[in-house]
>>> print(open('model-v7.cif').read())   # mmCIF, C-alpha atoms
data_structure
loop_
_atom_site.label_atom_id
_atom_site.label_comp_id
_atom_site.auth_asym_id
_atom_site.auth_seq_id
_atom_site.Cartn_x
_atom_site.Cartn_y
_atom_site.Cartn_z
CA MET G 1 2.43 12.67 -90.64
CA SER G 2 4.67 11.25 -93.29
CA GLY G 3 4.81 11.63 -97.01
CA SER G 4 3.56 14.54 -98.99
CA ASN G 5 0.37 16.07 -97.65
CA VAL G 6 -1.29 19.44 -97.67
CA TRP G 7 0.75 20.56 -94.63
CA SER G 8 4.13 19.67 -96.06
CA ARG G 9 3.25 21.18 -99.42
CA THR G 10 2.04 24.37 -97.82
CA ARG G 11 5.15 24.55 -95.69
CA GLU G 12 7.33 24.14 -98.77
CA LYS G 13 5.49 26.93 -100.51
CA LEU G 14 5.87 29.17 -97.51
CA GLN G 15 9.58 28.48 -97.38
CA ARG G 16 9.93 30.03 -100.80
CA PHE G 17 8.39 33.26 -99.55
CA PRO G 18 11.64 35.11 -98.77
CA GLU G 19 13.18 34.61 -102.19
CA LEU G 20 9.99 35.58 -104.00
CA PHE G 21 9.54 38.59 -101.76
CA ALA G 22 13.06 39.72 -102.52
CA GLU G 23 12.16 39.99 -106.20
CA CYS G 24 9.44 42.51 -105.52
CA SER G 25 11.29 44.91 -103.28
CA PHE G 26 10.24 47.94 -105.33
CA GLU G 27 6.52 47.22 -105.11
CA ALA G 28 6.88 46.22 -101.48
CA ALA G 29 8.54 49.52 -100.66
CA ALA G 30 5.78 51.44 -102.44
CA TYR G 31 3.09 49.61 -100.51
CA GLY G 32 4.98 49.95 -97.26
CA LYS G 33 5.38 53.71 -97.76
CA CYS G 34 1.68 54.09 -98.45
CA VAL G 35 0.73 52.30 -95.23
CA ALA G 36 3.46 53.96 -93.17
CA ALA G 37 2.26 57.38 -94.32
CA THR G 38 -0.95 56.87 -92.36
CA THR G 39 0.98 56.77 -89.13
CA THR G 40 2.27 60.28 -89.63
CA SER G 41 -0.57 61.94 -91.47
CA LYS G 42 -4.03 62.74 -90.20
CA GLN G 43 -5.50 60.06 -92.42
CA GLU G 44 -6.54 57.00 -90.47
CA ILE G 45 -5.78 53.62 -91.97
CA LYS G 46 -8.80 52.01 -93.57
CA LYS G 47 -9.48 48.90 -95.53
CA ASP G 48 -8.12 49.03 -99.07
CA LEU G 49 -6.57 52.43 -98.57
CA CYS G 50 -3.51 51.24 -100.45
CA ALA G 51 -5.26 48.69 -102.61
CA LYS G 52 -3.58 49.84 -105.79
CA GLU G 53 -0.09 49.41 -104.41
CA PHE G 54 -1.01 46.07 -102.92
CA GLU G 55 -2.37 44.76 -106.21
CA ALA G 56 0.90 45.70 -107.87
CA LEU G 57 2.80 43.89 -105.13
CA LYS G 58 0.64 40.81 -105.31
CA THR G 59 0.88 40.62 -109.11
CA CYS G 60 4.63 40.87 -108.92
CA PHE G 61 4.71 38.18 -106.26
CA THR G 62 2.51 35.70 -108.13
CA ASN G 63 4.46 36.28 -111.32
CA ALA G 64 7.69 35.55 -109.49
CA ALA G 65 6.14 32.39 -108.08
CA LYS G 66 5.00 31.22 -111.52
CA LYS G 67 8.43 31.88 -112.97
CA ARG G 68 10.13 29.87 -110.23
CA CYS G 69 7.73 26.99 -110.65
CA LYS G 70 8.59 26.55 -114.26
CA PHE N 1 31.72 31.64 -56.79
CA LEU N 2 30.39 28.30 -55.71
CA SER N 3 29.78 27.53 -52.07
CA SER N 4 32.70 25.49 -50.95
CA GLN N 5 30.96 23.01 -48.77
CA ASN N 6 28.10 21.56 -50.69
CA GLY N 7 28.70 22.54 -54.25
CA VAL N 8 25.59 23.66 -55.97
CA HIS N 9 22.75 21.30 -56.36
CA LEU N 10 20.33 22.40 -58.90
CA ILE N 11 17.02 20.87 -59.45
CA LEU N 12 16.03 21.48 -62.95
CA GLY N 13 12.37 21.35 -62.69
CA VAL N 14 9.12 22.66 -63.84
CA PHE N 15 9.48 22.85 -67.53
CA LEU N 16 6.95 22.00 -70.07
CA ARG N 17 8.85 19.57 -72.16
CA ALA N 18 11.22 16.69 -71.65
CA ARG N 19 14.88 17.41 -71.47
CA LEU N 20 16.58 16.46 -74.70
CA HIS N 21 20.20 16.25 -75.51
CA VAL N 22 20.28 17.31 -79.13
CA PRO N 23 23.57 17.73 -80.90
CA PHE N 24 24.19 20.99 -82.70
CA SER N 25 23.27 20.73 -86.34
CA GLY N 26 25.78 22.47 -88.47
CA SER N 27 23.90 22.41 -91.74
CA ARG N 28 22.30 25.85 -91.61
CA SER N 29 24.73 28.66 -91.13
CA ARG N 30 23.90 31.30 -88.56
CA THR N 31 25.77 34.13 -90.18
CA TRP N 32 22.58 36.00 -90.85
CA LEU N 33 21.79 36.30 -87.18
CA ARG N 34 23.65 39.13 -85.56
CA PRO N 35 22.39 39.66 -82.05
CA TRP N 36 23.71 42.61 -80.15
CA THR N 37 22.71 44.11 -76.85
CA CYS N 38 21.95 47.79 -76.72
CA LEU N 39 22.68 48.38 -73.05
CA SER N 40 24.92 46.76 -70.52
CA LEU N 41 23.20 45.01 -67.68
CA GLY N 42 22.69 47.02 -64.55
CA SER N 43 22.22 45.58 -61.11
CA PRO N 44 21.24 41.95 -60.99
CA VAL N 45 17.59 41.28 -60.91
CA SER N 46 15.87 40.06 -57.83
CA PRO N 47 14.04 36.88 -58.36
CA GLY N 48 10.51 36.92 -57.16
CA PRO N 49 9.06 33.95 -55.46
CA LEU N 50 6.91 31.81 -57.61
CA VAL N 51 3.60 31.11 -56.12
CA ARG N 52 1.60 28.11 -56.98
CA ALA N 53 -1.26 29.14 -59.15
CA LEU N 54 -4.19 27.09 -60.18
CA SER N 55 -4.48 27.09 -63.89
CA SER N 56 -8.04 26.90 -64.99
CA GLN N 57 -9.03 25.28 -68.20
CA SER N 58 -12.22 27.19 -68.74
CA GLY N 59 -11.57 30.84 -68.17
CA GLY N 60 -11.86 32.44 -64.82
CA PRO N 61 -12.13 36.04 -65.90
CA GLY N 62 -8.71 37.50 -66.58
CA LEU N 63 -6.87 34.48 -65.28
CA ASN N 64 -7.07 32.33 -68.35
CA VAL N 65 -5.30 34.01 -71.19
CA PHE N 66 -3.13 31.23 -72.48
CA ASP N 67 -3.88 27.75 -73.64
CA ARG N 68 -1.28 25.93 -71.56
CA GLN N 69 -1.83 22.61 -73.28
CA MET N 70 -1.07 24.28 -76.58
CA LYS N 71 2.04 25.88 -75.16
CA ARG N 72 3.23 22.51 -73.95
CA ARG N 73 2.68 21.00 -77.38
CA GLN N 74 4.48 23.91 -79.04
CA ARG N 75 7.45 23.60 -76.73
CA GLU N 76 7.63 19.84 -77.16
CA TRP N 77 7.51 20.25 -80.92
CA ALA N 78 10.25 22.86 -80.80
CA ALA N 79 12.47 20.70 -78.62
CA ALA N 80 11.96 17.69 -80.86
CA GLN N 81 13.21 19.47 -83.95
CA SER N 82 16.61 18.31 -85.04
CA ASP N 83 17.81 21.88 -85.41
CA ALA N 84 16.40 23.12 -82.12
CA ALA N 85 19.76 24.48 -81.04
CA GLN N 86 19.71 27.21 -83.67
CA PHE N 87 16.71 28.93 -82.18
CA GLU N 88 18.07 29.36 -78.73
CA TYR N 89 20.13 32.50 -79.04
CA ILE N 90 17.76 34.65 -76.99
CA ARG N 91 17.82 32.25 -74.08
CA GLU N 92 21.59 32.01 -74.34
CA GLU N 93 21.88 35.76 -74.25
CA VAL N 94 19.63 36.10 -71.23
CA ARG N 95 21.20 33.37 -69.18
CA LYS N 96 24.50 35.23 -69.13
CA TYR N 97 22.92 37.61 -66.65
CA HIS N 98 22.16 35.07 -63.95
CA ILE N 99 24.68 34.67 -61.16
CA LEU N 100 24.07 32.14 -58.43
CA THR N 101 25.60 31.08 -55.16
CA PHE N 102 22.98 28.93 -53.52
CA PRO N 103 22.89 25.33 -52.27
CA LEU N 104 19.50 24.32 -53.55
CA ALA N 105 17.87 25.99 -56.47
CA LEU N 106 14.93 25.55 -58.73
CA ASP N 107 14.94 26.52 -62.36
CA LEU N 108 11.48 27.18 -63.67
CA GLY N 109 10.75 26.70 -67.31
CA CYS N 110 14.32 25.70 -67.79
CA GLY N 111 13.91 24.61 -71.36
CA ARG N 112 17.06 22.78 -72.19
CA SER N 113 18.77 23.70 -68.95
CA PHE N 114 20.40 26.95 -69.95
CA ILE N 115 21.03 28.33 -66.50
CA ALA N 116 22.41 25.12 -65.06
CA GLU N 117 25.04 24.82 -67.69
CA HIS N 118 26.09 28.39 -67.15
CA LEU N 119 26.91 27.59 -63.54
CA THR N 120 29.73 25.38 -64.66
CA THR N 121 32.85 26.73 -66.20
CA LYS N 122 32.39 24.83 -69.41
CA ARG N 123 29.72 25.84 -71.86
CA LEU N 124 27.92 22.63 -72.48
CA ARG N 125 24.28 21.81 -72.78
CA HIS N 126 24.94 18.97 -70.42
CA SER N 127 25.15 20.27 -66.89
CA GLU N 128 27.83 19.09 -64.49
CA ILE N 129 25.91 20.12 -61.43
CA SER N 130 23.89 17.35 -59.91
CA SER N 131 20.39 18.00 -61.00
CA ARG N 132 17.11 16.35 -61.52
CA CYS N 133 14.64 17.17 -64.20
CA ILE N 134 10.99 17.22 -63.41
CA LEU N 135 8.34 17.58 -65.98
CA ALA N 136 5.74 19.79 -64.41
CA ASP N 137 3.63 22.83 -64.98
CA GLU N 138 4.91 26.25 -63.98
CA GLU N 139 1.61 27.04 -62.39
CA PHE N 140 1.68 24.01 -60.13
CA LEU N 141 4.82 23.66 -58.08
CA PRO N 142 4.91 20.17 -56.57
CA PHE N 143 7.17 21.13 -53.66
CA LYS N 144 6.71 21.66 -49.96
CA ASP N 145 6.95 25.11 -48.42
CA ASP N 146 10.36 26.51 -47.61
CA THR N 147 12.28 24.13 -49.81
CA PHE N 148 14.57 26.22 -51.95
CA ASP N 149 17.26 28.74 -51.36
CA LEU N 150 16.82 30.10 -54.83
CA VAL N 151 14.25 30.00 -57.55
CA LEU N 152 15.13 31.04 -61.04
CA SER N 153 13.09 31.61 -64.09
CA SER N 154 14.40 32.62 -67.43
CA MET N 155 12.17 33.53 -70.32
CA SER N 156 9.17 31.45 -69.40
CA LEU N 157 6.94 33.48 -67.12
CA HIS N 158 5.32 35.33 -69.99
CA TRP N 159 3.16 32.32 -70.73
CA VAL N 160 1.82 31.91 -67.23
CA ASN N 161 -1.88 32.58 -66.82
CA ASP N 162 -2.04 33.69 -63.24
CA LEU N 163 1.20 35.55 -62.73
CA PRO N 164 0.39 36.91 -59.26
CA GLY N 165 -0.60 33.40 -58.23
CA ALA N 166 2.57 31.93 -59.71
CA LEU N 167 4.69 34.48 -57.88
CA ARG N 168 2.97 33.65 -54.63
CA GLN N 169 3.72 29.98 -55.18
CA VAL N 170 7.37 30.75 -55.64
CA TRP N 171 7.29 32.75 -52.44
CA ARG N 172 5.83 29.72 -50.74
CA VAL N 173 8.49 27.24 -51.82
CA LEU N 174 11.32 29.60 -50.98
CA LYS N 175 13.11 29.47 -47.67
CA PRO N 176 13.13 32.71 -45.66
CA ASP N 177 15.96 34.84 -47.01
CA GLY N 178 15.71 32.92 -50.24
CA ALA N 179 15.97 34.68 -53.55
CA PHE N 180 13.94 34.66 -56.71
CA ILE N 181 15.63 35.75 -59.91
CA ALA N 182 13.67 35.96 -63.09
CA ALA N 183 13.89 37.29 -66.59
CA LEU N 184 11.07 37.56 -69.02
CA PRO N 185 10.22 39.49 -72.15
CA GLY N 186 8.24 42.59 -71.34
CA GLY N 187 5.72 44.98 -72.78
CA ASP N 188 7.69 46.40 -75.66
CA SER N 189 8.95 43.12 -77.02
CA LEU N 190 8.31 42.54 -80.68
CA TYR N 191 6.59 45.89 -81.01
CA GLU N 192 7.70 46.09 -84.63
CA LEU N 193 5.94 42.84 -85.38
CA ARG N 194 2.86 43.90 -83.51
CA CYS N 195 2.59 47.27 -85.27
CA SER N 196 3.28 45.93 -88.73
CA LEU N 197 0.69 43.21 -88.31
CA GLN N 198 -1.84 45.68 -87.01
CA LEU N 199 -1.39 48.13 -89.86
CA ALA N 200 -1.24 45.53 -92.60
CA GLN N 201 -4.20 43.62 -91.29
CA THR N 202 -6.29 46.77 -90.96
CA GLU N 203 -5.49 47.78 -94.49
CA ARG N 204 -6.11 44.37 -95.97
CA GLU N 205 -8.95 43.04 -93.87
CA GLY N 206 -10.55 46.07 -92.29
CA GLY N 207 -9.72 45.15 -88.70
CA PHE N 208 -7.07 43.43 -86.70
CA SER N 209 -6.79 40.80 -84.01
CA PRO N 210 -4.07 40.40 -81.42
CA HIS N 211 -1.19 38.27 -82.61
CA VAL N 212 1.44 39.03 -80.01
CA SER N 213 0.52 37.76 -76.58
CA PRO N 214 0.00 40.21 -73.73
CA LEU N 215 3.25 40.97 -71.94
CA THR N 216 3.98 42.48 -68.55
CA ALA N 217 4.90 46.13 -68.34
CA VAL N 218 7.96 46.98 -66.32
CA THR N 219 5.93 49.28 -64.08
CA ASP N 220 3.76 46.36 -63.01
CA LEU N 221 6.62 44.18 -61.89
CA GLY N 222 7.25 46.04 -58.68
CA ASN N 223 3.61 45.75 -57.69
CA LEU N 224 3.47 42.08 -58.58
CA LEU N 225 6.50 41.22 -56.53
CA GLY N 226 5.39 43.34 -53.62
CA ARG N 227 1.96 41.79 -53.52
CA ALA N 228 3.48 38.33 -53.55
CA GLY N 229 5.42 39.19 -50.42
CA PHE N 230 8.92 39.85 -51.68
CA THR N 231 11.20 42.48 -50.24
CA LEU N 232 14.40 44.16 -51.40
CA LEU N 233 13.12 44.31 -54.95
CA THR N 234 15.28 45.08 -57.91
CA VAL N 235 13.84 45.52 -61.36
CA ASP N 236 15.85 46.23 -64.45
CA THR N 237 15.28 46.25 -68.15
CA ASP N 238 17.48 45.51 -71.08
CA GLU N 239 16.83 45.64 -74.74
CA LEU N 240 18.00 42.92 -77.06
CA GLN N 241 17.68 43.60 -80.73
CA VAL N 242 18.10 40.79 -83.20
CA HIS N 243 18.29 41.32 -86.93
CA TYR N 244 16.60 38.97 -89.35
CA PRO N 245 16.76 38.76 -93.13
CA GLY N 246 13.00 38.97 -93.35
CA PHE N 247 9.60 38.59 -91.81
CA MET N 248 9.21 34.87 -92.44
CA GLU N 249 12.57 34.12 -90.87
CA LEU N 250 11.48 35.96 -87.73
CA LEU N 251 8.30 33.90 -87.53
CA THR N 252 10.18 30.68 -88.15
CA ASP N 253 12.59 31.47 -85.35
CA LEU N 254 9.83 32.35 -82.93
CA LYS N 255 8.21 29.04 -83.69
CA GLY N 256 11.51 27.21 -83.31
CA MET N 257 11.96 28.79 -79.90
CA GLY N 258 8.60 27.43 -78.84
CA GLU N 259 7.25 30.96 -78.56
CA SER N 260 4.30 30.67 -80.88
CA ASN N 261 1.15 32.33 -79.72
CA CYS N 262 -1.08 30.18 -77.55
CA ALA N 263 -3.53 32.72 -76.23
CA TRP N 264 -7.11 31.54 -76.38
CA ASN N 265 -8.13 34.61 -78.31
CA ARG N 266 -5.63 34.13 -81.09
CA ARG N 267 -6.88 33.85 -84.61
CA LEU N 268 -5.76 30.55 -86.08
CA LEU N 269 -5.43 31.78 -89.63
CA LEU N 270 -3.27 34.49 -91.08
CA HIS N 271 -4.40 35.32 -94.57
CA ARG N 272 -1.69 35.09 -97.20
CA ASP N 273 -2.40 38.60 -98.42
CA THR N 274 -1.88 39.83 -94.90
CA ILE N 275 1.42 37.96 -94.65
CA LEU N 276 2.62 39.64 -97.83
CA ALA N 277 1.38 43.03 -96.68
CA THR N 278 2.99 42.68 -93.26
CA ALA N 279 6.33 41.72 -94.75
CA ALA N 280 6.24 44.85 -96.92
CA VAL N 281 5.17 47.16 -94.10
CA TYR N 282 7.69 45.75 -91.63
CA LYS N 283 10.53 46.19 -94.07
CA GLU N 284 9.52 49.71 -94.98
CA MET N 285 8.85 50.97 -91.48
CA TYR N 286 11.63 49.30 -89.53
CA GLY N 287 14.03 47.84 -92.06
CA ASN N 288 17.74 48.45 -91.83
CA PRO N 289 19.74 49.92 -94.70
CA ASP N 290 21.22 46.54 -95.49
CA GLY N 291 17.80 44.99 -96.02
CA SER N 292 17.47 43.13 -92.73
CA ILE N 293 14.72 43.82 -90.21
CA PRO N 294 15.15 44.23 -86.47
CA ALA N 295 13.10 42.58 -83.76
CA THR N 296 13.29 43.97 -80.26
CA PHE N 297 13.07 41.87 -77.13
CA ASP N 298 12.40 44.03 -74.13
CA LEU N 299 13.84 41.92 -71.32
CA LEU N 300 12.70 42.52 -67.77
CA PHE N 301 14.90 41.26 -64.97
CA MET N 302 13.75 41.07 -61.40
CA ILE N 303 15.06 39.96 -58.03
CA GLY N 304 13.04 39.56 -54.88
CA TRP N 305 13.85 38.09 -51.49
CA LYS N 306 11.64 36.27 -49.05
CA PRO N 307 11.58 38.29 -45.86
CA HIS N 308 13.93 37.34 -43.09
CA ASP N 309 15.04 39.05 -39.92
CA SER N 310 18.59 39.38 -41.15
CA GLN N 311 17.55 41.61 -44.01
CA ALA N 312 17.95 45.35 -43.77
CA LYS N 313 14.71 47.10 -43.01
CA PRO N 314 13.79 50.60 -44.11
CA ALA N 315 14.68 53.12 -41.42
CA LYS N 316 11.94 54.33 -39.09
CA ARG N 317 10.31 57.62 -39.87
CA GLY N 318 11.89 60.42 -37.89
CA SER N 319 15.15 58.62 -37.28
CA ALA N 320 17.15 60.74 -39.73
CA THR N 321 20.24 62.38 -38.31
CA VAL N 322 21.05 64.67 -41.23
CA SER N 323 18.82 66.88 -43.30
CA PHE N 324 18.50 67.05 -47.07
CA GLY N 325 19.07 70.75 -46.73
CA ASP N 326 22.66 70.00 -45.77
CA LEU N 327 23.34 68.63 -49.25
CA SER N 328 24.20 72.07 -50.52
CA LYS N 329 26.85 72.39 -47.82
CA ILE N 330 28.78 69.38 -49.05
CA SER N 331 31.76 70.48 -51.08
CA PRO N 332 33.18 68.26 -53.81
CA PRO N 333 36.22 66.26 -52.73
CA LYS N 334 39.53 67.89 -53.53
CA THR N 335 41.28 66.04 -56.33
CA SER N 336 45.01 66.03 -55.86
#
>>> encode(input="model-v7.cif", output="structure tokens")
Amino acid sequence: MSGSNVWSRTREKLQRFPELFAECSFEAAAYGKCVAATTTSKQEIKKDLCAKEFEALKTCFTNAAKKRCK
Amino acid sequence: FLSSQNGVHLILGVFLRARLHVPFSGSRSRTWLRPWTCLSLGSPVSPGPLVRALSSQSGGPGLNVFDRQMKRRQREWAAAQSDAAQFEYIREEVRKYHILTFPLALDLGCGRSFIAEHLTTKRLRHSEISSRCILADEEFLPFKDDTFDLVLSSMSLHWVNDLPGALRQVWRVLKPDGAFIAALPGGDSLYELRCSLQLAQTEREGGFSPHVSPLTAVTDLGNLLGRAGFTLLTVDTDELQVHYPGFMELLTDLKGMGESNCAWNRRLLLHRDTILATAAVYKEMYGNPDGSIPATFDLLFMIGWKPHDSQAKPAKRGSATVSFGDLSKISPPKTS
């Protein structure tokens, strides 16, 4: 496959993941702590247990992506 | 040491992609990769004989875990990348542990001929030992019985469908008193990745699917080798921990090594939310103080020998001449 196609564009977007992720280390740590807490506590991990923290992380991530695009 | 008379002739065979001679690309720096071994290697591993196994396309129960065609395509893709050399640090680390002194040897899944080049004094990709490359499947060994003095396999047996069958095939192509030396990643490899994916996927999607392929446990190796007919077994483990800047770099490297998942039961899509969640969980649960994340490769080494009369046999029952009870009577040697 040559030229710009959906695969090359997706791959380019994915390659920007590390730098965007680095901008949201605070939210990522909060989400990570919430999930990691289930391994030590009696609470079993369920869907959307840490939805709030994840929404914060995702918002930060998409904002970082929009900023970089500009 | 090399045998003085014949030199060492190595057949580089049975690997899933063509042998390429790719120059090192210097564009990407490797300073962010800091591999270090946790333990020093113990006794050398006995190779087990590889037995020819029939790989089935449509699953026999339990014998068809991996899509071998996919694995071949993944390995060919990885070898064809211009920067393929950067992803080979694991293989380079493992091949340091192989020591050989045999006239005719077979290197299974040799990738870009790591073991052969280590046999020479110079560290080149290009091997100076006379060798031939054969493109073949690890589960079908196109050789007659009793051909090889030594069969080697480094970091490729974890993608074989019928491992007992493959070991039996190796046993078949080995000469009596031949050796089989192998290394492969074992049960605990990439446990950080596995756990992070499991937790993140459960939290985001409500369930999880296996992403890391099934790996052999060290306790099973002895049984596998014994059932294939090997004697004088030696099994050893080593842990190799590599630090990565982040989750995506780890995945990129695994893909560059040709180690992407090819199990039939793999899910083909990883949701982007799950990727984000996994990166966060991985970093929080396992991250190092400097921000990098570790990935553990649990390496299993094994050596097995094809039986031969010259090999030492276990002593007969009842032939002991001293008793264990006498141990207490032994006094420590006097140090002068």
>>> closest_atom_pairs(input="model-v7.cif", of="chain N", to="chain G", cutoff="7 Å", atoms="only C-alpha atoms", output="Markdown table")
| residue | atom | partner | partner_atom | distance |
| --- | --- | --- | --- | --- |
| N:Thr202 | CA | G:Lys47 | CA | 6.0 |
| N:Glu203 | CA | G:Lys47 | CA | 4.3 |
| N:Arg204 | CA | G:Lys47 | CA | 5.7 |
| N:Glu205 | CA | G:Lys47 | CA | 6.1 |
| N:Gly206 | CA | G:Lys47 | CA | 4.4 |
| N:Gly246 | CA | G:Pro18 | CA | 6.8 |
| N:Met248 | CA | G:Pro18 | CA | 6.8 |
| N:Ala280 | CA | G:Ala28 | CA | 4.8 |
| N:Val281 | CA | G:Gly32 | CA | 4.2 |
| N:Glu284 | CA | G:Gly32 | CA | 5.1 |
| N:Met285 | CA | G:Ala36 | CA | 6.4 |
>>> resolve_selection(input="model-v7.cif", expression="the PyMOL selection byres ((chain N and resi 252-268) around 7)", output="list in words")
Val65, Phe66, Asp67, Met70, Lys71, Gln74, Arg75, Ala78, Ala84, Phe87, Glu88, Ser209, Pro210, His211, Val212, Ser213, Met248, Glu249, Leu250, Leu251, Leu269 and Leu270 of chain N
>>> atom_distance(input="model-v7.cif", atom1="CA of Leu150 (chain N)", atom2="CA of Lys175 (chain N)")
8.1 Å
>>> atom_distance(input="model-v7.cif", atom1="CA of Pro176 (chain N)", atom2="CA of Pro307 (chain N)")
5.8 Å
>>> closest_residue(input="model-v7.cif", among="N:Arg272, N:Tyr89, N:Phe208, N:Val170", to="Lys13 (chain G)", atoms="all atoms listed in the file")
N:Arg272
>>> resolve_selection(input="model-v7.cif", expression="the PyMOL selection byres ((chain N and resi 188-191) around 7)", output="short mmCIF file (atom, residue, chain, number, x, y, z; two decimals) with C-alpha atoms, in the coordinates of the input")
data_model
loop_
_atom_site.label_atom_id
_atom_site.label_comp_id
_atom_site.auth_asym_id
_atom_site.auth_seq_id
_atom_site.Cartn_x
_atom_site.Cartn_y
_atom_site.Cartn_z
CA PRO N 185 10.22 39.49 -72.15
CA GLY N 186 8.24 42.59 -71.34
CA GLY N 187 5.72 44.98 -72.78
CA GLU N 192 7.70 46.09 -84.63
CA LEU N 193 5.94 42.84 -85.38
CA ARG N 194 2.86 43.90 -83.51
CA CYS N 195 2.59 47.27 -85.27
CA ALA N 295 13.10 42.58 -83.76
CA THR N 296 13.29 43.97 -80.26
CA PHE N 297 13.07 41.87 -77.13
CA ASP N 298 12.40 44.03 -74.13
#
>>> atom_distance(input="model-v7.cif", atom1="CA of Leu221 (chain N)", atom2="CA of Asp149 (chain N)")
21.5 Å
